[in-house]
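Visitor: First the structure, then my questions, so here it is.
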Amino acid sequence: MPDHMPQSPEKREFIAKSKQFWNPAKTQAWQDMGVDLVIDRREGYLLWDMDGRRLIDLHLNGGTYNIGHRHPELIEVLNRGMQRFDMGNHHFPNQGRTALAEMLARICGGDMHYTMYASGGAEAIDIALKTARNATQRRKIVSIINAYHGHTGLAVAAGADRFKKIFLSDQPEDFVHVPFNDLNAMEDALKGRDVACLIMETIPATYGFPMPLPGYLAEVKKLCERYGALYVADEVQTGLMRCGEMWGYQRYGIQPDIMVTGKGISGGMYPIACVVAREPYAGWLKQDGFAHMSTMGGAELGCLVAMKVLEILERPTMRPMVNYIAETFRNGLHEIMKLYPDFFVGIRQCGLVMGLEFDYPEGAKPVMKHLYENGVWAIFSTLDPRVLQFKPGVLMTADLCAEVLERVERAVGLAHAECMERGRHKTRAA
């Protein structure tokens with residue numbers, strides 16, 4: 001039976017206050033979609049609503065909880081760190097910041113060398129784009145149509161119109177957008193030799209995880225090299241073993257000039273994001289090290305947590321575990337797809353980066369609602385709501401995987417019945 005419970009008076013009061021004092025439109029939108037989630041306790045890959053209902057987390061807040069909520073080793077590191085450190089002072093060298101930068105240089109490979117710090121992914125994207133402009137002395141930025149790179153100034157300009165127009169940020173002349181998987185359009189955008197960089201998520205997350213065509217990313221990198229543009233890899237949602245390698249770009253055999261990581265590197269415990277650049281392209285750090293400053297970027301406690309996250313992900317057991325989880329879900333979801341072939345029509349997958357495709361207008365929304373009612377939290381893709389973002393964690397147990405598949409089968413069946421009934425109702429009305 002579904003785990004759905006009626007709202008308690010306390011929850012109703014809390015939701016009303018959220019509309020009054022926090023974000024009325026977003027709060028109401030979730031109510032309209034049948035999701036009245038107010039997260040309370042959380043542990044591993046489980047959430048508990050304030051009314052006590054248990055949910056398996058397959059959203060992970062964009063991969064923030066890649067290794068689970070409140071991982072005990074991260075709690076230990078943070079508690080020990082707080083005996084000596086705090087956020088620190090961003091102006092001065094410190095042990096944690098330098099040690100994490102050295103670790104990232106090793107893990108990223110190639111001649112990725114310098115790390116620049118931010119408190120979140122969008123700020124890190126801004127740093128990456130500014131770094132590319134400084135290195136090339138060009139202004140133009142190329143990105144993918146319906147990309148998502150965050151909501152700060154340069155980051156939002158590189159993304160989809162939905163997030164730009166509302167703030168009158170939709171006419172920056174230096175930003176060019178091209179379709180994903182279209183090499184001709186990419187070359188047209190780059191061949192004027194006036195582009196500072198291409199920025200691209202290795203797999204566009206908010207667009208529903210469309211997969212790169214074979215050879216596409218490697219050819220894009222070659223075009224960047226041919227026309228003197230830097231390749232910026234946004235690995236905020238595809239890095240940290242989610243694709244089966246530490247970084248998604250490694251899965252596709254390329255080496256970026258600049259990489260951005262965020263969300264999961266914080267372990268969900270302390271805000272931190274990082275920009276890692278090849279040595280020749282981080283010249284502003286030598287030219288004027290005060291050119292970008294971030295009071296909370298590279299906070300010392302955040303650096304300690306990030307190093308522990310990277311240590312956990314580098315353990316020898318991690319890659320086979322990720323491969324096992326990916327295969328378990330691939331096989332299980334294909335069996336569910338056979339039950340509803342006219343509705344559940346596709347699985348987009350690279351490791352644990354997964355998008356489930358439904359052949360119904362905004363079909364992922366009813367699936368999300370029925371998953372929620374059956375104890376699983378996964379979210380539709382904002383820029384393609386036919387696709388459900390399905391994000392298992394890298395440390396999920398076999399038992400939890402089996403429970404998820406059982407609940408997904410039930411929820412997809414209920415969503416299928418609901419959508420078919422809606423279709424029959426529309427046909428009768430016509």
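Each chain in the structure tokens gets a letter, A, B and so on, in the order shown; residues start at 1 in every chain, and ligands are counted from 1 in the order they appear.
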Find the nearest atom pair between each residue of segment 5-98 of chain A and segment 389-406 of chain A for residues within 8 Å, count only C-alpha atoms, give distances in Å to one decimal, sort rows by chain and ascending number, and present the table as a tab-separated table.

Guide:
```
residue	atom	partner	partner_atom	distance
A:Tyr45	CA	A:Gly393	CA	7.3
A:Ile56	CA	A:Val404	CA	7.5
A:Asp57	CA	A:Pro392	CA	7.9
A:Leu58	CA	A:Lys391	CA	4.8
A:His59	CA	A:Lys391	CA	5.7
A:Leu60	CA	A:Lys391	CA	6.9
A:Gly63	CA	A:Lys391	CA	7.5
A:Tyr65	CA	A:Gly393	CA	7.4
A:Asn66	CA	A:Gly393	CA	5.0
A:Ile67	CA	A:Leu395	CA	5.9
A:Gly68	CA	A:Gly393	CA	6.7
```

Visitor: Could you pull the residues within 9 Å of Thr295 of chain A, counting only C-alpha atoms, minus those fewer than 6 positions along the same chain, as a ChimeraX atom specification?

Guide: /A:87-91,118-119

Visitor: Per DSSP on the backbone, filter segment 90-129 of chain A down to the residues in helix (DSSP H, G or I) and report them as a ChimeraX atom specification.

Guide: /A:95-108,121-129

Visitor: What's around Leu47 of chain A at 10 Å? Count only C-alpha atoms, leave out sequence neighbours fewer than 2 positions away in its own chain, and write the answer as a compact mmCIF listing (two decimals) with N, CA and C atoms, in the first residue's frame.

Guide:
```
# COMPACT_ATOMS: atom_id res chain seq x y z
N LEU A 37 6.06 17.34 0.67
CA LEU A 37 7.24 16.94 1.41
C LEU A 37 7.83 18.10 2.22
N VAL A 38 8.02 17.85 3.50
CA VAL A 38 8.81 18.73 4.37
C VAL A 38 9.81 17.81 5.07
N ILE A 39 11.07 17.90 4.65
CA ILE A 39 12.08 16.94 5.10
C ILE A 39 12.46 17.20 6.55
N ASP A 40 12.47 16.15 7.32
CA ASP A 40 12.88 16.23 8.72
C ASP A 40 14.16 15.41 8.89
N ARG A 41 14.09 14.27 9.53
CA ARG A 41 15.27 13.44 9.76
C ARG A 41 15.76 12.84 8.45
N ARG A 42 17.07 12.61 8.35
CA ARG A 42 17.62 11.96 7.17
C ARG A 42 18.86 11.16 7.56
N GLU A 43 19.06 10.04 6.87
CA GLU A 43 20.17 9.13 7.21
C GLU A 43 20.43 8.26 6.00
N GLY A 44 21.68 8.18 5.55
CA GLY A 44 22.00 7.36 4.39
C GLY A 44 21.21 7.83 3.18
N TYR A 45 20.50 6.91 2.54
CA TYR A 45 19.66 7.29 1.39
C TYR A 45 18.18 7.37 1.76
N ASP A 49 9.77 12.47 6.36
CA ASP A 49 8.94 13.67 6.36
C ASP A 49 8.65 14.09 7.80
N MET A 50 8.27 15.35 7.99
CA MET A 50 8.00 15.83 9.34
C MET A 50 6.82 15.10 9.98
N GLY A 52 6.66 11.87 9.70
CA GLY A 52 7.21 10.56 10.01
C GLY A 52 7.24 9.58 8.86
N ARG A 53 6.84 9.99 7.66
CA ARG A 53 6.81 9.07 6.53
C ARG A 53 8.22 8.88 5.95
N ARG A 54 8.60 7.62 5.69
CA ARG A 54 9.92 7.28 5.17
C ARG A 54 9.94 7.34 3.65
N LEU A 55 11.02 7.92 3.09
CA LEU A 55 11.22 8.00 1.65
C LEU A 55 12.64 7.57 1.30
N ILE A 56 12.79 6.86 0.19
CA ILE A 56 14.11 6.57 -0.35
C ILE A 56 14.47 7.72 -1.29
N ASP A 57 15.64 8.30 -1.09
CA ASP A 57 16.03 9.50 -1.82
C ASP A 57 16.74 9.13 -3.12
N HIS A 69 23.09 10.81 3.01
CA HIS A 69 22.90 11.88 3.98
C HIS A 69 23.69 11.58 5.26
N GLY A 375 6.73 5.97 -1.39
CA GLY A 375 7.93 5.97 -0.57
C GLY A 375 9.24 6.17 -1.28
N VAL A 376 9.22 6.78 -2.47
CA VAL A 376 10.45 7.07 -3.21
C VAL A 376 10.40 8.53 -3.65
N TRP A 377 11.51 9.24 -3.46
CA TRP A 377 11.56 10.63 -3.91
C TRP A 377 12.53 10.75 -5.09
```

Visitor: Which parts of segment 140-376 of chain A does DSSP call strand (DSSP E or B) when run on the backbone here, written out as number ranges by chain?

Guide: A: 140-144, 175-178, 195-201, 230-234, 258-261, 273-278, 344-350, 353-358, 376

Visitor: Could the residues in this selection be written to a file with C-alpha atoms, as a compact mmCIF listing (two decimals), in the first residue's frame?

Guide:
```
# COMPACT_ATOMS: atom_id res chain seq x y z
CA LYS A 140 32.04 35.15 -26.18
CA ILE A 141 30.73 32.05 -24.36
CA VAL A 142 29.13 29.06 -26.14
CA SER A 143 26.77 26.71 -24.31
CA ILE A 144 24.04 24.17 -25.07
CA PHE A 175 26.42 34.24 -25.13
CA VAL A 176 25.67 31.79 -27.96
CA HIS A 177 23.56 28.64 -27.58
CA VAL A 178 23.72 25.58 -29.84
CA VAL A 195 34.94 32.39 -28.44
CA ALA A 196 36.56 32.31 -25.01
CA CYS A 197 35.13 28.92 -24.09
CA LEU A 198 32.51 26.30 -24.58
CA ILE A 199 30.84 25.31 -21.30
CA MET A 200 28.95 22.04 -21.23
CA GLU A 201 27.67 19.54 -18.74
CA LEU A 230 38.74 26.52 -24.00
CA TYR A 231 36.63 23.49 -23.06
CA VAL A 232 34.94 23.94 -19.67
CA ALA A 233 33.45 20.72 -18.26
CA ASP A 234 30.57 21.29 -15.82
CA ILE A 258 38.78 23.85 -16.94
CA MET A 259 36.50 21.72 -14.76
CA VAL A 260 33.83 22.66 -12.23
CA THR A 261 32.77 20.37 -9.39
CA ALA A 273 32.59 24.04 -4.94
CA CYS A 274 35.81 24.01 -6.94
CA VAL A 275 37.16 25.13 -10.30
CA VAL A 276 40.22 23.21 -11.49
CA ALA A 277 42.17 24.66 -14.43
CA ARG A 278 45.13 23.67 -16.53
CA PHE A 344 7.71 3.87 -20.20
CA VAL A 345 9.69 4.15 -23.43
CA GLY A 346 13.33 4.85 -22.64
CA ILE A 347 16.20 4.65 -20.17
CA ARG A 348 19.00 7.15 -20.59
CA GLN A 349 21.95 5.90 -18.60
CA CYS A 350 25.64 6.42 -18.00
CA VAL A 353 23.28 9.14 -14.17
CA MET A 354 19.84 8.07 -15.34
CA GLY A 355 16.78 9.57 -16.97
CA LEU A 356 13.54 7.58 -17.38
CA GLU A 357 11.55 8.64 -20.45
CA PHE A 358 7.73 8.56 -20.58
CA VAL A 376 10.45 7.07 -3.21
```

Visitor: Could you list, as a PyMOL selection string, every residue within 10 Å of segment 179-181 of chain A, counting only C-alpha atoms and ignoring same-chain residues fewer than 4 positions away?

Guide: chain A and resi 143-147+185-186+200+203-204+210-217+220

Visitor: Could you pull the residues within 10 Å of Asn61 of chain A, counting only C-alpha atoms, minus those fewer than 5 positions along the same chain, as a VMD selection string?

Guide: chain A and resid 66 237 263 to 264 268 378 to 379 391

Visitor: Find the spatial neighbours of Lys365 of chain A, counting only C-alpha atoms, within a cut-off of 10 Å - ignore same-chain residues fewer than 3 positions away - and output them as a list in words.

Guide: Met33, Gly34, Phe358, Tyr360, Pro361, Glu362, Met368, Lys369, His370, Leu371, Ala378, Ile379, Phe380, Ser381, Pro385, Arg386, Val387, Leu388 and Ala415 of chain A
